[in-house]
Amino acid sequence: MSRSDRLDSGGGRNRPPAMGPDSPLGRAVWRLRSRGCWDDAAALLDPHAEHDPKAAVGRAALLVERCMFTADGWPAAEDALRAAEAVARNDDDRGAAACERGQLAYAATVLGIQDRTDEARAALGRAAALLEPNAPARALLDFRRGLLAENLTETPESARAAYRRAHAGATSRGDLLLCSFTWRHLAGLAQREGELADARHGFTESLRLREELGFLVGMAPALVSLAGVQPEPDATRLREEAGRLFRLLGGVPTWLAEHLPDEGIPAPQ
């Protein structure tokens with residue numbers, strides 16, 4: 001399995017803002033997040049995060065995602081997680097925060113920053129105990145438990161089961177972005193087993209969804225994954241397109257550089 005596949009979500013002061021994806025705030029956050037502007041997106045939530053648990057978890061999630069894509073910003077993500085945990089009001093809030101803490105520990109481990117496997121396992125286990133089976137964050141939790149099973153405990157069958165649960169949950173809720181991740185990781189398992197037709201289908205679906213959503217920062221990894229199961233010259237064309245996106249975004253995600261032609265890698269700053 002490639003490293004690319006291992007690495008790869010306004011009211012007044014005391015009134016929670018409309019946080020849905022179709023709200024003005026939600027759309028503004030998405031536009032920034034989808035282009036890799038996580039700090040700017042998180043700043044939009046700053047005025048609300050002290051009082052609204054959903055805003056606090058949303059802000060933490062943005063900064064955790066920044067860590068995964070850039071291998072940087074760990075102290076800010078830790079601070080945001082502590083703030084989200086402090087403002088939580090019920091088990092759903094606490095479970096969502098624990099899910100993000102597990103993801104941060106997973107990211108630190110898989111990126112080689114620090115081995116935090118035990119912390120990742122404990123945090124995701126706590127999230128599983130807190131979240132109801134039909135909680136909005138449950139599908140994301142299932143996906144992240146799949147990542148842990150596949151890449152840290154190396155139990156692909158458990159990973160596949162978790163990804164399938166996550167895919168079913170994301171589909172039922174219309175969470176197309178999460179579906180793009182579950183498609184990609186199910187396809188990665190199929191690729192490992194030599195099921196190239198299934199892998200090609202899953203990677204194609206993942207890329208299609210990211211294109212439709214405008215998730216620009218996630219398109220280069222999807223292109224590279226699809227290139228891995230395509231014949232030439234299509235594989236080279238896909239990697240070149242990924243390289244152009246990688247340069248456009250200033251070398252994000254950082255861990256994708258080793259999968260791209262040399263000309264796709266920006267000079268060190």
# chains A, B, ... in the order shown; residues from 1 in each chain; ligands from 1
call {"tool": "residues_around", "arguments": {"residues": "Asp46 (chain A)", "least_positions_apart": "2", "cutoff": "9 Å", "atoms": "only C-alpha atoms", "output": "list in words"}}
result
Ala42, Ala43, Leu44, His48, Ala49, Glu50, Ala55, Ala56 and Arg59 of chain A
call {"tool": "write_last_selection", "arguments": {"atoms": "N, CA, C and O atoms", "output": "PDB file, in the first residue's frame"}}
result
ATOM      1  N   ALA A  42     -10.598  28.218   9.738  1.00  0.00           N
ATOM      2  CA  ALA A  42     -10.763  28.116  11.190  1.00  0.00           C
ATOM      3  C   ALA A  42     -11.034  29.486  11.804  1.00  0.00           C
ATOM      4  O   ALA A  42     -11.806  29.600  12.768  1.00  0.00           O
ATOM      5  N   ALA A  43     -10.420  30.521  11.242  1.00  0.00           N
ATOM      6  CA  ALA A  43     -10.615  31.869  11.781  1.00  0.00           C
ATOM      7  C   ALA A  43     -12.071  32.314  11.672  1.00  0.00           C
ATOM      8  O   ALA A  43     -12.547  33.089  12.506  1.00  0.00           O
ATOM      9  N   LEU A  44     -12.790  31.828  10.656  1.00  0.00           N
ATOM     10  CA  LEU A  44     -14.202  32.172  10.529  1.00  0.00           C
ATOM     11  C   LEU A  44     -15.025  31.616  11.685  1.00  0.00           C
ATOM     12  O   LEU A  44     -16.086  32.156  12.020  1.00  0.00           O
ATOM     13  N   HIS A  48     -17.284  31.971  17.305  1.00  0.00           N
ATOM     14  CA  HIS A  48     -18.367  31.116  17.795  1.00  0.00           C
ATOM     15  C   HIS A  48     -17.864  29.942  18.637  1.00  0.00           C
ATOM     16  O   HIS A  48     -18.632  29.350  19.394  1.00  0.00           O
ATOM     17  N   ALA A  49     -16.574  29.603  18.491  1.00  0.00           N
ATOM     18  CA  ALA A  49     -16.083  28.354  19.065  1.00  0.00           C
ATOM     19  C   ALA A  49     -16.099  28.348  20.589  1.00  0.00           C
ATOM     20  O   ALA A  49     -16.192  27.285  21.207  1.00  0.00           O
ATOM     21  N   GLU A  50     -16.033  29.525  21.209  1.00  0.00           N
ATOM     22  CA  GLU A  50     -16.015  29.573  22.674  1.00  0.00           C
ATOM     23  C   GLU A  50     -17.354  29.178  23.283  1.00  0.00           C
ATOM     24  O   GLU A  50     -17.419  28.715  24.425  1.00  0.00           O
ATOM     25  N   ALA A  55     -19.226  24.475  16.525  1.00  0.00           N
ATOM     26  CA  ALA A  55     -18.218  25.358  15.945  1.00  0.00           C
ATOM     27  C   ALA A  55     -16.832  25.004  16.471  1.00  0.00           C
ATOM     28  O   ALA A  55     -15.839  25.032  15.723  1.00  0.00           O
ATOM     29  N   ALA A  56     -16.748  24.674  17.763  1.00  0.00           N
ATOM     30  CA  ALA A  56     -15.457  24.332  18.352  1.00  0.00           C
ATOM     31  C   ALA A  56     -14.892  23.056  17.738  1.00  0.00           C
ATOM     32  O   ALA A  56     -13.695  22.982  17.413  1.00  0.00           O
ATOM     33  N   ARG A  59     -13.840  23.784  14.132  1.00  0.00           N
ATOM     34  CA  ARG A  59     -12.561  24.494  14.089  1.00  0.00           C
ATOM     35  C   ARG A  59     -11.410  23.517  14.345  1.00  0.00           C
ATOM     36  O   ARG A  59     -10.380  23.546  13.645  1.00  0.00           O
TER      37      ARG A  59
END
call {"tool": "residues_around", "arguments": {"residues": "Leu213 (chain A)", "least_positions_apart": "6", "cutoff": "12 Å", "atoms": "only C-alpha atoms", "output": "CSV table (one decimal) with N, CA, C and O atoms, in the first residue's frame"}}
result
chain,number,residue,atom,x,y,z
A,21,PRO,N,-23.7,22.8,5.7
A,21,PRO,CA,-22.9,23.1,4.5
A,21,PRO,C,-23.6,24.1,3.6
A,21,PRO,O,-22.9,24.7,2.8
A,27,ARG,N,-20.7,27.6,3.8
A,27,ARG,CA,-20.2,27.7,2.4
A,27,ARG,C,-18.8,28.4,2.4
A,27,ARG,O,-17.9,28.1,1.7
A,30,TRP,N,-16.2,26.1,3.7
A,30,TRP,CA,-15.9,25.1,2.6
A,30,TRP,C,-15.0,25.6,1.5
A,30,TRP,O,-14.0,25.0,1.1
A,31,ARG,N,-15.3,26.8,1.1
A,31,ARG,CA,-14.5,27.4,0.0
A,31,ARG,C,-13.0,27.5,0.4
A,31,ARG,O,-12.1,27.2,-0.4
A,33,ARG,N,-11.5,25.7,3.0
A,33,ARG,CA,-11.0,24.4,3.3
A,33,ARG,C,-10.7,23.7,2.0
A,33,ARG,O,-9.6,23.0,1.9
A,34,SER,N,-11.5,23.7,1.0
A,34,SER,CA,-11.3,23.0,-0.2
A,34,SER,C,-10.1,23.4,-1.0
A,34,SER,O,-9.6,22.6,-1.8
A,35,ARG,N,-9.6,24.6,-0.7
A,35,ARG,CA,-8.4,25.1,-1.3
A,35,ARG,C,-7.1,25.0,-0.4
A,35,ARG,O,-6.1,25.6,-0.7
A,175,ASP,N,-23.3,12.4,2.6
A,175,ASP,CA,-22.0,13.0,2.8
A,175,ASP,C,-21.1,12.6,1.7
A,175,ASP,O,-20.3,11.6,1.8
A,176,LEU,N,-21.1,13.3,0.6
A,176,LEU,CA,-20.3,12.9,-0.6
A,176,LEU,C,-18.8,13.0,-0.4
A,176,LEU,O,-18.1,12.2,-1.0
A,177,LEU,N,-18.4,14.0,0.4
A,177,LEU,CA,-16.9,14.0,0.7
A,177,LEU,C,-16.4,12.8,1.4
A,177,LEU,O,-15.4,12.2,1.0
A,178,LEU,N,-17.1,12.4,2.4
A,178,LEU,CA,-16.7,11.2,3.1
A,178,LEU,C,-16.8,10.0,2.2
A,178,LEU,O,-16.0,9.1,2.2
A,179,CYS,N,-17.8,9.9,1.3
A,179,CYS,CA,-17.9,8.9,0.3
A,179,CYS,C,-16.7,8.8,-0.6
A,179,CYS,O,-16.2,7.7,-1.0
A,180,SER,N,-16.1,10.0,-0.9
A,180,SER,CA,-14.9,10.0,-1.7
A,180,SER,C,-13.7,9.4,-1.0
A,180,SER,O,-12.9,8.7,-1.6
A,206,SER,N,-14.0,8.1,-6.5
A,206,SER,CA,-13.5,9.0,-5.5
A,206,SER,C,-13.1,10.3,-6.2
A,206,SER,O,-13.4,11.4,-5.8
A,207,LEU,N,-12.4,10.2,-7.3
A,207,LEU,CA,-12.0,11.4,-8.1
A,207,LEU,C,-13.2,12.2,-8.6
A,207,LEU,O,-13.3,13.4,-8.5
A,219,MET,N,-7.8,16.5,-4.7
A,219,MET,CA,-7.8,15.9,-6.1
A,219,MET,C,-6.5,15.3,-6.5
A,219,MET,O,-6.5,14.3,-7.2
call {"tool": "residues_around", "arguments": {"residues": "Thr236 (chain A)", "least_positions_apart": "6", "cutoff": "12 Å", "atoms": "only C-alpha atoms", "output": "NGL selection string"}}
result
:A and (223-230 or 242-243 or 259-261)
call {"tool": "residues_around", "arguments": {"residues": "region 164-169 of chain A", "least_positions_apart": "2", "cutoff": "7 Å", "atoms": "only C-alpha atoms", "output": "ChimeraX atom specification"}}
result
/A:139-140,142-143,160-162,171-173,179,182
call {"tool": "atom_distance", "arguments": {"atom1": "CA of Phe69 (chain A)", "atom2": "CA of Leu196 (chain A)"}}
result
27.0 Å
call {"tool": "residues_around", "arguments": {"residues": "Glu78 (chain A)", "least_positions_apart": "6", "cutoff": "10 Å", "atoms": "only C-alpha atoms", "output": "list in words"}}
result
Ala60, Leu63, Val64, Ala84, Arg101 and Leu104 of chain A
call {"tool": "write_last_selection", "arguments": {"atoms": "all heavy atoms", "output": "PDB file, in the first residue's frame"}}
result
ATOM      1  N   ALA A  60     -11.560  22.649  15.339  1.00  0.00           N
ATOM      2  CA  ALA A  60     -10.516  21.667  15.614  1.00  0.00           C
ATOM      3  C   ALA A  60     -10.309  20.736  14.424  1.00  0.00           C
ATOM      4  O   ALA A  60      -9.173  20.409  14.064  1.00  0.00           O
ATOM      5  CB  ALA A  60     -10.881  20.859  16.865  1.00  0.00           C
ATOM      6  N   LEU A  63      -8.111  22.246  11.758  1.00  0.00           N
ATOM      7  CA  LEU A  63      -6.696  22.315  12.114  1.00  0.00           C
ATOM      8  C   LEU A  63      -6.062  20.926  12.175  1.00  0.00           C
ATOM      9  O   LEU A  63      -4.866  20.773  11.876  1.00  0.00           O
ATOM     10  CB  LEU A  63      -6.527  23.073  13.424  1.00  0.00           C
ATOM     11  CG  LEU A  63      -6.985  24.539  13.348  1.00  0.00           C
ATOM     12  CD1 LEU A  63      -6.891  25.210  14.711  1.00  0.00           C
ATOM     13  CD2 LEU A  63      -6.170  25.315  12.317  1.00  0.00           C
ATOM     14  N   VAL A  64      -6.841  19.922  12.527  1.00  0.00           N
ATOM     15  CA  VAL A  64      -6.348  18.543  12.459  1.00  0.00           C
ATOM     16  C   VAL A  64      -6.106  18.147  11.001  1.00  0.00           C
ATOM     17  O   VAL A  64      -5.082  17.522  10.668  1.00  0.00           O
ATOM     18  CB  VAL A  64      -7.340  17.575  13.141  1.00  0.00           C
ATOM     19  CG1 VAL A  64      -6.988  16.122  12.833  1.00  0.00           C
ATOM     20  CG2 VAL A  64      -7.357  17.809  14.653  1.00  0.00           C
ATOM     21  N   ALA A  84     -12.328  22.453  22.300  1.00  0.00           N
ATOM     22  CA  ALA A  84     -13.546  21.731  21.926  1.00  0.00           C
ATOM     23  C   ALA A  84     -13.978  20.791  23.043  1.00  0.00           C
ATOM     24  O   ALA A  84     -15.175  20.656  23.340  1.00  0.00           O
ATOM     25  CB  ALA A  84     -13.321  20.957  20.629  1.00  0.00           C
ATOM     26  N   ARG A 101      -9.502  13.953  18.155  1.00  0.00           N
ATOM     27  CA  ARG A 101      -8.256  13.672  18.875  1.00  0.00           C
ATOM     28  C   ARG A 101      -7.632  12.378  18.365  1.00  0.00           C
ATOM     29  O   ARG A 101      -6.400  12.289  18.197  1.00  0.00           O
ATOM     30  CB  ARG A 101      -8.506  13.585  20.386  1.00  0.00           C
ATOM     31  CG  ARG A 101      -7.238  13.318  21.172  1.00  0.00           C
ATOM     32  CD  ARG A 101      -7.369  13.624  22.636  1.00  0.00           C
ATOM     33  NE  ARG A 101      -7.502  15.050  22.913  1.00  0.00           N
ATOM     34  CZ  ARG A 101      -6.496  15.921  22.848  1.00  0.00           C
ATOM     35  NH1 ARG A 101      -5.284  15.512  22.477  1.00  0.00           N
ATOM     36  NH2 ARG A 101      -6.681  17.182  23.151  1.00  0.00           N
ATOM     37  N   LEU A 104      -5.915  13.152  15.077  1.00  0.00           N
ATOM     38  CA  LEU A 104      -4.646  13.870  15.229  1.00  0.00           C
ATOM     39  C   LEU A 104      -3.537  12.898  15.647  1.00  0.00           C
ATOM     40  O   LEU A 104      -2.416  12.968  15.115  1.00  0.00           O
ATOM     41  CB  LEU A 104      -4.789  14.985  16.263  1.00  0.00           C
ATOM     42  CG  LEU A 104      -3.562  15.883  16.406  1.00  0.00           C
ATOM     43  CD1 LEU A 104      -3.313  16.689  15.138  1.00  0.00           C
ATOM     44  CD2 LEU A 104      -3.717  16.826  17.599  1.00  0.00           C
TER      45      LEU A 104
END
call {"tool": "select_by_dssp", "arguments": {"residues": "region 133-254 of chain A", "states": "helix (DSSP H, G or I)", "output": "PyMOL selection string"}}
result
chain A and resi 138-151+156-173+176-192+196-213+216-227+234-248+254
call {"tool": "closest_residue", "arguments": {"among": "A:Asp91, A:Asp198, A:Trp255, A:Glu211", "to": "Val110 (chain A)", "atoms": "only C-alpha atoms"}}
result
A:Trp255
call {"tool": "atom_distance", "arguments": {"atom1": "CA of Leu81 (chain A)", "atom2": "CA of Val57 (chain A)"}}
result
7.3 Å
call {"tool": "closest_residue", "arguments": {"among": "A:Ala135, A:Ala120, A:Arg239, A:Ala170", "to": "Thr153 (chain A)", "atoms": "only C-alpha atoms"}}
result
A:Ala120
